[in-house]
Amino acid sequence: MNALKTILLRREMGILVVIILFCLAVGIVKPRFLALDNFRTMLMLVPLIMIVAMGQMLVIIARHVDLSVGSTLGFAAMMTALMFKTAPDIPWYLGFLVAIGIGAVLGFMNGLTVIVFRLPAIIVTLGTLYLYRGLTFIASGAKQIDRQFIPGPLKAMSANAPNFWFPWILIIALAVVLITYWFANHSRLGRQIYAIGSNPVAAPLRGIPVTAVTLTVFSISGALAGLAGIMYASRWGFVNPSNTGWGFEFQVIAAVVIGGVSINGGVGSVLGVVLGVLLLGCVSSALPLLGIPGTVQSAIYGLVIIVALVIDQSVRERGIQALTTARGART
Amino acid sequence: MTTEPMTSPSEPITPSVTDAAPARPLWQVILIRPVMMTVVLLILEPIVASIFWPQSIDLQYILSTFTLTAPLALMALVLTLVIISGEIDLSPASSMALTACVFAAVLQAGLPFPLAVVVCIGLGFVLGLFNAFLVVYLRLPSLIATIGTLTFYRGLAQVLAGDASIKFPEWYQGLNLVTVLGIPVPDLIVTLAAILLALLLSATIFGRQIYQTGTNEIAAQHAGIRTRLIKTALFVTLGVVSALAGMMFTSQLGTVRYDLGLGGELQMVLMAMLGGTYIFGGRGSILGTFLAAWLLSIMTNAMNTASWLPATQFCLLGVLLIVSIIITNFIYSRTQR
């Protein structure tokens with residue numbers, strides 16, 4: 001009974017309930033929404049956001065934020081695509097190394113600026129959001145890399161033809177989620193991220209290498225954005241300097257805050273973020289079915305961010321209240 | 001500075017002098033402050049530009065192209081006050097787009113002009129109030145909360161206007177072509193606003209209270225300053241000003257689309273930071289932001305004349321943002337405290 005209660009009272013349950021209610025409501029209006037086909041469509045929408053959201057989650061838990069993920073994604077995708085274009089003989093899987101490496105370097109630069117100059121991450125990454133986007137334009141000469149330059153095997157990874165029923169990019173996303181779960185909950189570094197976010201003053205006093213951990217967190221976020229970059233090339237078959245990853249940061253931040261990651265740091269779970277991403281996926285696959293134009297999407301993302309923030313704040317305040325009353329009862 | 005006569009360098013100094021840190025020389029107090037960075041750049045930039053692209057440095061040209069920066073500059077001036085009070089607002093560019101779209105829509109629907117203006121400004125008021133509600137009442141961190149409203153307001157504009165652009169009637173267009181003494185009206189508006197806000201900030205009790213709010217909010221509250229009221233007033237003012245900026249901008253462009261001023265938040269924050277406003281609140285000046293706006297406008301001119309890609313320019317602006325915060329923080333940490 002008690003165990004059931006703890007499960008039911010978890011933050012993640014709320015999101016799950018919202019997802020189920022939403023799907024049922026849409027399913028009643030449009031039964032096609034609950035069909036297997038639509039489920040596949042929805043699953044194809046989420047892998048990119050899922051991967052980037054894992055990195056963003058770690059950054060936000062450490063009480064920072066990374067606004068540059070969309071541009072990092074675009075830059076990594078563009079550099080990899082350019083590599084394929086100029087040297088078609090390069091084995092296609094090397095593209096993954098290149099994209100992840102480039103992403104990690106860009107993320108590392110964000111972290112370095114934040115740490116060395118003690119600046120708010122949000123302003124730094126707002127700057128690099130435009131810097132990296134600009135670099136993407138310069139590197140590509142403002143030209144799109146078309147379908148024929150992306151290697152066939154790479155495109156096949158996200159083809160609808162099932163591979164154990166699922167396409168490869170979904171399996172990669174799942175792997176990233178599982179690794180992040182292990183990393184955040186069972187590795188020393190992962191726990192240190194939570195410690196820094198919960199109390200940035202106490203963390204260094206406990207001997208946590210704050211500089212190294214923060215740099216790692218930003219690098220991971222960048223690397224995952226880079227991975228999402230090459231998967232973008234795989235999924236859509238082209239890389240465009242202005243479209244690829246544009247506005248992606250808002251979707252990712254929306255997914256992460258819906259997932260119950262506190263913007264004040266120290267709180268958040270992989271399961272919550274996964275559900276947050278799935279909820280966004282459900283919403284974006286339901287909109288066209290319901291005949292709602294795509295232009296509404298950005299307003300919904302914005303609204304969702306605000307609502308999630310408000311919920312997070314009220315939960316936090318209630319938590320503090322509960323703590324103080326419990327302490328009062330004991331003494 | 002002590003007025004005691006100096007006898008010899010080896011003479012022991014009186015304890016009262018060792019207690020206090022030596023006062024900085026006057027020239028340092030005046031010259032080493034973040035605004036000087038803007039001034040130096042503002043002097044340097046035209047010189048560099050006139051060497052490489054002489055055609056971009058022409059007073060009439062500078063004045064007329066500043067009209068394109070003017071709406072953002074207007075908002076950046078108020079944003080400076082918000083940042084000094086210890087908060088930030090990233091949403092004004094989006095609320096400008098939303099109010100402008102509504103303005104165009106109600107004009108097109110046949111509403112008389114004065115009523116349309118009231119609707120537009122009223123909407124700006126509401127948008128600003130909503131930001132204040134999130135930040136002041138619900139106590140959300142303003143950086144993230146206004147990222148939410150940034151997305152939300154522009155999303156609403158997109159819902160309202162779709163991907164089409166709405167045209168304005170002929171008589172409404174061309175505010176930038178109207179000149180007084182050879183100076184386009186938008187430039188005058190920004191200058192006037194800067195003078196008024198500078199007076200407000202430095203010569204009124206309200207202005208000084210803004211600084212105190214940003215320096216230490218809790219101490220300010222203990223001193224009897226109604227910090228929450230001040231912040232609410234600033235957010236609401238910024239909302240109203242963004243509506244005014246939208247009306248100004250659309251008169252110049254003649255049409256409006258949901259992506260009006262897209263990415264403007266970067267330029268506004270950049271103007272404030274480049275002008276030496278301290279990102280953590282409590283310090284900054286209107287003069288700095290005003291000069292930085294001119295600097296950015298002249299720089300954009302030069303880059304356009306040199307036919308740089310817009311993306312390359314964004315690149316430079318991004319770097320400039322980071323570098324200017326680093327320098328500002330450095331100067332503040334060295335000279336004050």
# chains A, B, ... in the order shown; residues from 1 in each chain; ligands from 1
call {"tool": "residues_around", "arguments": {"residues": "Gly261 in chain B", "least_positions_apart": "6", "cutoff": "10 Å", "atoms": "only C-alpha atoms", "output": "mmCIF file with N, CA and C atoms, in the first residue's frame"}}
result
data_model
loop_
_atom_site.group_PDB
_atom_site.id
_atom_site.type_symbol
_atom_site.label_atom_id
_atom_site.label_comp_id
_atom_site.auth_asym_id
_atom_site.auth_seq_id
_atom_site.Cartn_x
_atom_site.Cartn_y
_atom_site.Cartn_z
ATOM 1 N N PRO B 71 13.197 51.394 -32.980
ATOM 2 C CA PRO B 71 12.231 50.681 -32.125
ATOM 3 C C PRO B 71 12.917 49.818 -31.077
ATOM 4 N N LEU B 72 13.956 49.084 -31.510
ATOM 5 C CA LEU B 72 14.665 48.243 -30.554
ATOM 6 C C LEU B 72 15.372 49.097 -29.510
ATOM 7 N N PRO B 92 10.233 41.590 -24.953
ATOM 8 C CA PRO B 92 9.683 42.782 -25.621
ATOM 9 C C PRO B 92 9.645 42.681 -27.145
ATOM 10 N N ALA B 93 10.634 42.043 -27.761
ATOM 11 C CA ALA B 93 10.600 41.953 -29.220
ATOM 12 C C ALA B 93 9.370 41.171 -29.663
ATOM 13 N N SER B 94 9.018 40.122 -28.888
ATOM 14 C CA SER B 94 7.835 39.343 -29.227
ATOM 15 C C SER B 94 6.568 40.124 -28.952
ATOM 16 N N SER B 95 6.523 40.864 -27.828
ATOM 17 C CA SER B 95 5.288 41.619 -27.568
ATOM 18 C C SER B 95 5.147 42.734 -28.590
ATOM 19 N N MET B 96 6.287 43.263 -29.090
ATOM 20 C CA MET B 96 6.195 44.241 -30.175
ATOM 21 C C MET B 96 5.514 43.616 -31.393
ATOM 22 N N ALA B 97 5.939 42.396 -31.752
ATOM 23 C CA ALA B 97 5.349 41.728 -32.913
ATOM 24 C C ALA B 97 3.853 41.491 -32.698
ATOM 25 N N GLY B 246 6.293 49.083 -31.620
ATOM 26 C CA GLY B 246 5.668 48.369 -32.721
ATOM 27 C C GLY B 246 4.948 49.317 -33.667
ATOM 28 N N PHE B 249 7.581 51.150 -35.651
ATOM 29 C CA PHE B 249 8.267 50.289 -36.610
ATOM 30 C C PHE B 249 7.366 50.013 -37.816
ATOM 31 N N GLN B 267 19.715 41.826 -29.763
ATOM 32 C CA GLN B 267 20.201 43.186 -29.972
ATOM 33 C C GLN B 267 19.890 44.088 -28.784
#
call {"tool": "residues_around", "arguments": {"residues": "Leu42 in chain B", "least_positions_apart": "3", "cutoff": "9 Å", "atoms": "only C-alpha atoms", "output": "list in words"}}
result
Met37, Thr38, Val39, Glu45, Pro46, Leu291, Ala292, Trp294, Leu295, Leu296 and Ile298 of chain B
call {"tool": "interface_residues", "arguments": {"of": "chain B", "to": "chain A", "cutoff": "10 Å", "atoms": "only C-alpha atoms", "output": "NGL selection string"}}
result
:B and (134 or 138-141 or 143-163 or 263 or 265-267 or 269-270 or 279-280 or 309-323 or 325-327 or 329-330)
call {"tool": "residues_around", "arguments": {"residues": "Gly281 in chain A", "least_positions_apart": "5", "cutoff": "7 Å", "atoms": "only C-alpha atoms", "output": "number ranges by chain"}}
result
A: 42, 45-46
call {"tool": "write_last_selection", "arguments": {"atoms": "C-alpha atoms", "output": "PDB file, in the first residue's frame"}}
result
ATOM      1  CA  MET A  42       4.663  10.133 -33.158  1.00  0.00           C
ATOM      2  CA  LEU A  45       8.939  12.859 -34.056  1.00  0.00           C
ATOM      3  CA  VAL A  46      10.529  12.468 -30.666  1.00  0.00           C
TER       4      VAL A  46
END
call {"tool": "select_by_dssp", "arguments": {"residues": "range 82-213 of chain A", "states": "helix (DSSP H, G or I)", "output": "PyMOL selection string"}}
result
chain A and resi 82-86+94-117+121-140+147-149+152-156+168-186+188-198+202-205+210-213
call {"tool": "write_last_selection", "arguments": {"atoms": "C-alpha atoms", "output": "mmCIF file, in the first residue's frame"}}
result
data_model
loop_
_atom_site.group_PDB
_atom_site.id
_atom_site.type_symbol
_atom_site.label_atom_id
_atom_site.label_comp_id
_atom_site.auth_asym_id
_atom_site.auth_seq_id
_atom_site.Cartn_x
_atom_site.Cartn_y
_atom_site.Cartn_z
ATOM 1 C CA LEU A 82 30.005 19.265 -45.624
ATOM 2 C CA MET A 83 32.470 16.515 -44.807
ATOM 3 C CA PHE A 84 30.317 13.973 -46.629
ATOM 4 C CA LYS A 85 30.033 16.340 -49.579
ATOM 5 C CA THR A 86 33.743 17.119 -49.940
ATOM 6 C CA LEU A 94 32.736 8.444 -38.890
ATOM 7 C CA GLY A 95 30.142 11.178 -39.247
ATOM 8 C CA PHE A 96 28.885 10.299 -35.781
ATOM 9 C CA LEU A 97 32.316 10.856 -34.250
ATOM 10 C CA VAL A 98 32.709 14.165 -36.065
ATOM 11 C CA ALA A 99 29.264 15.468 -35.118
ATOM 12 C CA ILE A 100 29.541 14.443 -31.481
ATOM 13 C CA GLY A 101 33.068 15.852 -31.271
ATOM 14 C CA ILE A 102 32.098 19.193 -32.779
ATOM 15 C CA GLY A 103 29.085 19.417 -30.489
ATOM 16 C CA ALA A 104 31.210 18.642 -27.452
ATOM 17 C CA VAL A 105 33.712 21.363 -28.387
ATOM 18 C CA LEU A 106 30.966 23.966 -28.804
ATOM 19 C CA GLY A 107 29.391 22.930 -25.494
ATOM 20 C CA PHE A 108 32.783 23.045 -23.813
ATOM 21 C CA MET A 109 33.246 26.605 -25.056
ATOM 22 C CA ASN A 110 29.904 27.586 -23.510
ATOM 23 C CA GLY A 111 30.916 26.046 -20.214
ATOM 24 C CA LEU A 112 34.351 27.629 -20.280
ATOM 25 C CA THR A 113 32.925 31.113 -20.803
ATOM 26 C CA VAL A 114 30.389 30.592 -18.036
ATOM 27 C CA ILE A 115 32.956 29.261 -15.567
ATOM 28 C CA VAL A 116 35.968 31.463 -16.275
ATOM 29 C CA PHE A 117 34.105 34.761 -16.385
ATOM 30 C CA ALA A 121 24.756 30.825 -18.714
ATOM 31 C CA ILE A 122 21.571 32.146 -20.253
ATOM 32 C CA ILE A 123 23.259 35.300 -21.565
ATOM 33 C CA VAL A 124 26.374 33.481 -22.728
ATOM 34 C CA THR A 125 24.395 30.877 -24.599
ATOM 35 C CA LEU A 126 22.103 33.551 -26.051
ATOM 36 C CA GLY A 127 25.292 34.989 -27.532
ATOM 37 C CA THR A 128 26.583 31.648 -28.775
ATOM 38 C CA LEU A 129 23.108 30.809 -30.129
ATOM 39 C CA TYR A 130 23.685 33.517 -32.720
ATOM 40 C CA LEU A 131 27.421 32.954 -32.969
ATOM 41 C CA TYR A 132 27.100 29.252 -33.840
ATOM 42 C CA ARG A 133 24.195 29.942 -36.208
ATOM 43 C CA GLY A 134 26.311 32.562 -37.953
ATOM 44 C CA LEU A 135 29.239 30.159 -38.199
ATOM 45 C CA THR A 136 26.918 27.601 -39.796
ATOM 46 C CA PHE A 137 26.031 30.138 -42.478
ATOM 47 C CA ILE A 138 29.658 31.074 -43.065
ATOM 48 C CA ALA A 139 30.822 27.462 -43.247
ATOM 49 C CA SER A 140 28.114 26.488 -45.694
ATOM 50 C CA ARG A 147 19.842 14.759 -50.310
ATOM 51 C CA GLN A 148 22.323 13.198 -52.684
ATOM 52 C CA PHE A 149 25.294 14.118 -50.502
ATOM 53 C CA GLY A 152 22.623 6.105 -48.064
ATOM 54 C CA PRO A 153 23.286 3.965 -44.984
ATOM 55 C CA LEU A 154 22.880 7.036 -42.795
ATOM 56 C CA LYS A 155 19.512 7.858 -44.316
ATOM 57 C CA ALA A 156 18.485 4.221 -43.974
ATOM 58 C CA TRP A 168 17.689 2.855 -35.685
ATOM 59 C CA ILE A 169 17.385 6.481 -34.591
ATOM 60 C CA LEU A 170 14.762 5.445 -32.085
ATOM 61 C CA ILE A 171 17.063 2.774 -30.707
ATOM 62 C CA ILE A 172 19.885 5.311 -30.416
ATOM 63 C CA ALA A 173 17.578 7.686 -28.563
ATOM 64 C CA LEU A 174 16.545 4.882 -26.233
ATOM 65 C CA ALA A 175 20.191 4.026 -25.589
ATOM 66 C CA VAL A 176 20.961 7.664 -24.793
ATOM 67 C CA VAL A 177 18.060 7.727 -22.347
ATOM 68 C CA LEU A 178 19.216 4.556 -20.587
ATOM 69 C CA ILE A 179 22.818 5.755 -20.363
ATOM 70 C CA THR A 180 21.676 9.127 -19.027
ATOM 71 C CA TYR A 181 19.523 7.333 -16.474
ATOM 72 C CA TRP A 182 22.494 5.357 -15.257
ATOM 73 C CA PHE A 183 24.736 8.428 -15.381
ATOM 74 C CA ALA A 184 22.388 10.699 -13.459
ATOM 75 C CA ASN A 185 21.419 8.203 -10.786
ATOM 76 C CA HIS A 186 24.305 5.818 -10.343
ATOM 77 C CA ARG A 188 29.532 9.787 -8.991
ATOM 78 C CA LEU A 189 29.655 12.585 -11.565
ATOM 79 C CA GLY A 190 25.898 12.430 -12.018
ATOM 80 C CA ARG A 191 25.208 12.792 -8.328
ATOM 81 C CA GLN A 192 27.682 15.655 -8.166
ATOM 82 C CA ILE A 193 25.613 17.481 -10.802
ATOM 83 C CA TYR A 194 22.583 17.240 -8.519
ATOM 84 C CA ALA A 195 24.663 18.411 -5.567
ATOM 85 C CA ILE A 196 25.893 21.488 -7.428
ATOM 86 C CA GLY A 197 22.406 22.379 -8.532
ATOM 87 C CA SER A 198 20.879 21.921 -5.078
ATOM 88 C CA ALA A 202 27.857 23.940 -0.330
ATOM 89 C CA ALA A 203 29.044 21.790 -3.249
ATOM 90 C CA PRO A 204 32.643 23.096 -3.396
ATOM 91 C CA LEU A 205 32.853 22.908 0.411
ATOM 92 C CA VAL A 210 32.531 22.363 -9.522
ATOM 93 C CA THR A 211 34.555 23.668 -12.465
ATOM 94 C CA ALA A 212 35.246 20.241 -13.914
ATOM 95 C CA VAL A 213 31.682 19.020 -13.399
#
call {"tool": "atom_distance", "arguments": {"atom1": "CA of Leu280 in chain A", "atom2": "CA of Leu36 in chain A"}}
result
18.1 Å
call {"tool": "residues_around", "arguments": {"residues": "range 187-204 of chain B", "least_positions_apart": "3", "cutoff": "6 Å", "atoms": "only C-alpha atoms", "output": "ChimeraX atom specification"}}
result
/B:67,74,184,207,286
call {"tool": "closest_residue", "arguments": {"among": "B:Ile88, B:Val241, B:Met273, B:Met248", "to": "Val185 in chain B", "atoms": "only C-alpha atoms"}}
result
B:Met248
call {"tool": "select_by_dssp", "arguments": {"residues": "range 162-312 of chain B", "states": "strand (DSSP E or B)", "output": "PDB file with N, CA and C atoms, in the first residue's frame"}}
result
ATOM      1  N   ILE B 166       0.373  41.743 -43.108  1.00  0.00           N
ATOM      2  CA  ILE B 166      -0.775  42.651 -43.145  1.00  0.00           C
ATOM      3  C   ILE B 166      -0.270  44.030 -43.543  1.00  0.00           C
ATOM      4  N   LYS B 167      -0.944  44.629 -44.518  1.00  0.00           N
ATOM      5  CA  LYS B 167      -0.508  45.936 -45.001  1.00  0.00           C
ATOM      6  C   LYS B 167      -1.193  47.048 -44.214  1.00  0.00           C
ATOM      7  N   THR B 179      10.781  64.619 -41.185  1.00  0.00           N
ATOM      8  CA  THR B 179      11.952  65.086 -40.463  1.00  0.00           C
ATOM      9  C   THR B 179      11.662  66.411 -39.777  1.00  0.00           C
ATOM     10  N   VAL B 180      12.321  66.598 -38.645  1.00  0.00           N
ATOM     11  CA  VAL B 180      12.289  67.886 -37.963  1.00  0.00           C
ATOM     12  C   VAL B 180      13.726  68.384 -37.919  1.00  0.00           C
ATOM     13  N   ILE B 183      16.238  65.906 -38.981  1.00  0.00           N
ATOM     14  CA  ILE B 183      16.422  64.664 -38.232  1.00  0.00           C
ATOM     15  C   ILE B 183      15.122  63.873 -38.286  1.00  0.00           C
ATOM     16  N   PRO B 184      15.198  62.592 -38.706  1.00  0.00           N
ATOM     17  CA  PRO B 184      13.974  61.790 -38.777  1.00  0.00           C
ATOM     18  C   PRO B 184      13.293  61.681 -37.409  1.00  0.00           C
ATOM     19  N   THR B 255       4.202  47.309 -43.552  1.00  0.00           N
ATOM     20  CA  THR B 255       3.523  46.018 -43.386  1.00  0.00           C
ATOM     21  C   THR B 255       4.001  45.397 -42.082  1.00  0.00           C
ATOM     22  N   VAL B 256       3.277  44.375 -41.660  1.00  0.00           N
ATOM     23  CA  VAL B 256       3.736  43.656 -40.476  1.00  0.00           C
ATOM     24  C   VAL B 256       3.506  42.171 -40.672  1.00  0.00           C
TER      25      VAL B 256
END
call {"tool": "atom_distance", "arguments": {"atom1": "CA of Asp89 in chain A", "atom2": "CA of Gly74 in chain A"}}
result
22.9 Å
call {"tool": "residues_around", "arguments": {"residues": "range 14-30 of chain A", "least_positions_apart": "5", "cutoff": "12 Å", "atoms": "only C-alpha atoms", "output": "PyMOL selection string"}}
result
chain A and resi 7-9+35+38-39+42+255-260+271-291+308+311-312
call {"tool": "write_last_selection", "arguments": {"atoms": "N, CA and C atoms", "output": "compact mmCIF listing (two decimals), in the first residue's frame"}}
result
# COMPACT_ATOMS: atom_id res chain seq x y z
N ILE A 7 4.57 5.55 -5.40
CA ILE A 7 4.60 5.57 -6.86
C ILE A 7 3.58 6.57 -7.40
N LEU A 8 2.38 6.52 -6.79
CA LEU A 8 1.31 7.37 -7.31
C LEU A 8 1.58 8.85 -7.04
N LEU A 9 2.31 9.14 -5.97
CA LEU A 9 2.51 10.54 -5.61
C LEU A 9 3.71 11.17 -6.32
N ALA A 35 -4.45 4.81 -33.63
CA ALA A 35 -4.02 3.70 -34.48
C ALA A 35 -2.50 3.53 -34.39
N ASN A 38 -0.28 6.00 -36.42
CA ASN A 38 -0.04 7.30 -35.83
C ASN A 38 0.97 7.22 -34.70
N PHE A 39 0.94 6.10 -34.00
CA PHE A 39 1.89 5.88 -32.93
C PHE A 39 3.31 5.90 -33.49
N MET A 42 4.30 9.39 -34.36
CA MET A 42 4.66 10.13 -33.16
C MET A 42 6.06 9.74 -32.69
N ALA A 255 10.06 20.74 -23.12
CA ALA A 255 9.98 19.33 -22.74
C ALA A 255 10.60 19.10 -21.37
N VAL A 256 11.73 19.75 -21.13
CA VAL A 256 12.44 19.51 -19.88
C VAL A 256 11.66 20.07 -18.69
N VAL A 257 11.11 21.29 -18.83
CA VAL A 257 10.39 21.83 -17.67
C VAL A 257 9.04 21.13 -17.47
N ILE A 258 8.42 20.66 -18.55
CA ILE A 258 7.20 19.86 -18.36
C ILE A 258 7.55 18.61 -17.57
N GLY A 259 8.74 18.06 -17.86
CA GLY A 259 9.16 16.82 -17.20
C GLY A 259 9.45 17.00 -15.73
N GLY A 260 9.25 18.19 -15.20
CA GLY A 260 9.41 18.38 -13.77
C GLY A 260 10.82 18.73 -13.33
N LEU A 271 13.04 9.95 -16.18
CA LEU A 271 11.70 9.47 -16.52
C LEU A 271 10.77 10.65 -16.80
N GLY A 272 10.84 11.67 -15.94
CA GLY A 272 10.00 12.84 -16.13
C GLY A 272 10.25 13.50 -17.47
N VAL A 273 11.53 13.66 -17.83
CA VAL A 273 11.86 14.31 -19.10
C VAL A 273 11.37 13.47 -20.27
N VAL A 274 11.54 12.14 -20.16
CA VAL A 274 11.05 11.27 -21.23
C VAL A 274 9.55 11.48 -21.44
N LEU A 275 8.81 11.52 -20.32
CA LEU A 275 7.37 11.73 -20.43
C LEU A 275 7.06 13.11 -20.99
N GLY A 276 7.86 14.12 -20.56
CA GLY A 276 7.66 15.46 -21.10
C GLY A 276 7.83 15.50 -22.61
N VAL A 277 8.86 14.81 -23.10
CA VAL A 277 9.09 14.75 -24.54
C VAL A 277 7.93 14.05 -25.23
N LEU A 278 7.48 12.94 -24.62
CA LEU A 278 6.37 12.19 -25.22
C LEU A 278 5.11 13.04 -25.29
N LEU A 279 4.87 13.83 -24.24
CA LEU A 279 3.68 14.69 -24.23
C LEU A 279 3.75 15.69 -25.37
N LEU A 280 4.92 16.31 -25.53
CA LEU A 280 5.09 17.24 -26.65
C LEU A 280 4.87 16.53 -27.98
N GLY A 281 5.42 15.29 -28.07
CA GLY A 281 5.25 14.51 -29.30
C GLY A 281 3.78 14.24 -29.59
N CYS A 282 3.02 13.87 -28.54
CA CYS A 282 1.59 13.63 -28.70
C CYS A 282 0.90 14.89 -29.21
N VAL A 283 1.23 16.03 -28.58
CA VAL A 283 0.58 17.27 -28.96
C VAL A 283 0.89 17.59 -30.42
N SER A 284 2.20 17.49 -30.79
CA SER A 284 2.49 17.90 -32.16
C SER A 284 1.97 16.93 -33.19
N SER A 285 1.77 15.64 -32.82
CA SER A 285 1.19 14.74 -33.82
C SER A 285 -0.34 14.85 -33.84
N ALA A 286 -0.92 15.37 -32.75
CA ALA A 286 -2.39 15.50 -32.72
C ALA A 286 -2.86 16.73 -33.50
N LEU A 287 -2.03 17.79 -33.50
CA LEU A 287 -2.47 19.05 -34.11
C LEU A 287 -2.92 18.90 -35.56
N PRO A 288 -2.09 18.29 -36.43
CA PRO A 288 -2.54 18.18 -37.82
C PRO A 288 -3.79 17.31 -37.96
N LEU A 289 -3.90 16.27 -37.12
CA LEU A 289 -5.08 15.41 -37.17
C LEU A 289 -6.34 16.19 -36.83
N LEU A 290 -6.21 17.09 -35.86
CA LEU A 290 -7.37 17.87 -35.43
C LEU A 290 -7.63 19.04 -36.36
N GLY A 291 -6.77 19.19 -37.38
CA GLY A 291 -6.98 20.27 -38.32
C GLY A 291 -6.55 21.63 -37.79
N ALA A 308 4.20 25.03 -17.00
CA ALA A 308 5.07 24.09 -16.28
C ALA A 308 5.87 24.82 -15.21
N ILE A 311 3.59 25.51 -12.25
CA ILE A 311 3.36 24.30 -11.46
C ILE A 311 4.58 23.98 -10.63
N ASP A 312 5.76 24.06 -11.27
CA ASP A 312 7.00 23.74 -10.58
C ASP A 312 7.16 24.62 -9.35
call {"tool": "residues_around", "arguments": {"residues": "Ala77 in chain A", "least_positions_apart": "3", "cutoff": "7 Å", "atoms": "only C-alpha atoms", "output": "ChimeraX atom specification"}}
result
/A:73-74,80-81,99,226,229-230,233,239
call {"tool": "write_last_selection", "arguments": {"atoms": "N, CA and C atoms", "output": "mmCIF file, in the first residue's frame"}}
result
data_model
loop_
_atom_site.group_PDB
_atom_site.id
_atom_site.type_symbol
_atom_site.label_atom_id
_atom_site.label_comp_id
_atom_site.auth_asym_id
_atom_site.auth_seq_id
_atom_site.Cartn_x
_atom_site.Cartn_y
_atom_site.Cartn_z
ATOM 1 N N LEU A 73 23.331 22.007 -32.768
ATOM 2 C CA LEU A 73 22.800 20.942 -33.623
ATOM 3 C C LEU A 73 23.004 21.303 -35.091
ATOM 4 N N GLY A 74 22.622 22.531 -35.441
ATOM 5 C CA GLY A 74 22.738 22.955 -36.830
ATOM 6 C C GLY A 74 24.183 22.959 -37.304
ATOM 7 N N THR A 80 29.210 18.030 -40.583
ATOM 8 C CA THR A 80 29.228 16.627 -40.981
ATOM 9 C C THR A 80 28.780 16.477 -42.430
ATOM 10 N N ALA A 81 27.729 17.192 -42.787
ATOM 11 C CA ALA A 81 27.229 17.103 -44.159
ATOM 12 C C ALA A 81 28.267 17.640 -45.141
ATOM 13 N N ALA A 99 30.365 14.637 -35.622
ATOM 14 C CA ALA A 99 29.264 15.468 -35.118
ATOM 15 C C ALA A 99 29.302 15.575 -33.603
ATOM 16 N N GLY A 226 25.139 17.569 -30.878
ATOM 17 C CA GLY A 226 25.856 17.151 -32.080
ATOM 18 C C GLY A 226 25.324 15.830 -32.614
ATOM 19 N N GLY A 229 22.349 16.336 -34.279
ATOM 20 C CA GLY A 229 22.618 16.965 -35.569
ATOM 21 C C GLY A 229 22.758 15.958 -36.689
ATOM 22 N N ILE A 230 23.593 14.946 -36.467
ATOM 23 C CA ILE A 230 23.772 13.958 -37.546
ATOM 24 C C ILE A 230 22.497 13.140 -37.726
ATOM 25 N N ALA A 233 20.320 14.946 -40.057
ATOM 26 C CA ALA A 233 20.698 14.677 -41.443
ATOM 27 C C ALA A 233 20.141 13.335 -41.890
ATOM 28 N N VAL A 239 20.569 19.200 -44.934
ATOM 29 C CA VAL A 239 20.941 20.108 -43.856
ATOM 30 C C VAL A 239 20.862 21.519 -44.403
#
call {"tool": "atom_distance", "arguments": {"atom1": "CA of Ser285 in chain B", "atom2": "CA of Ser85 in chain B"}}
result
11.9 Å
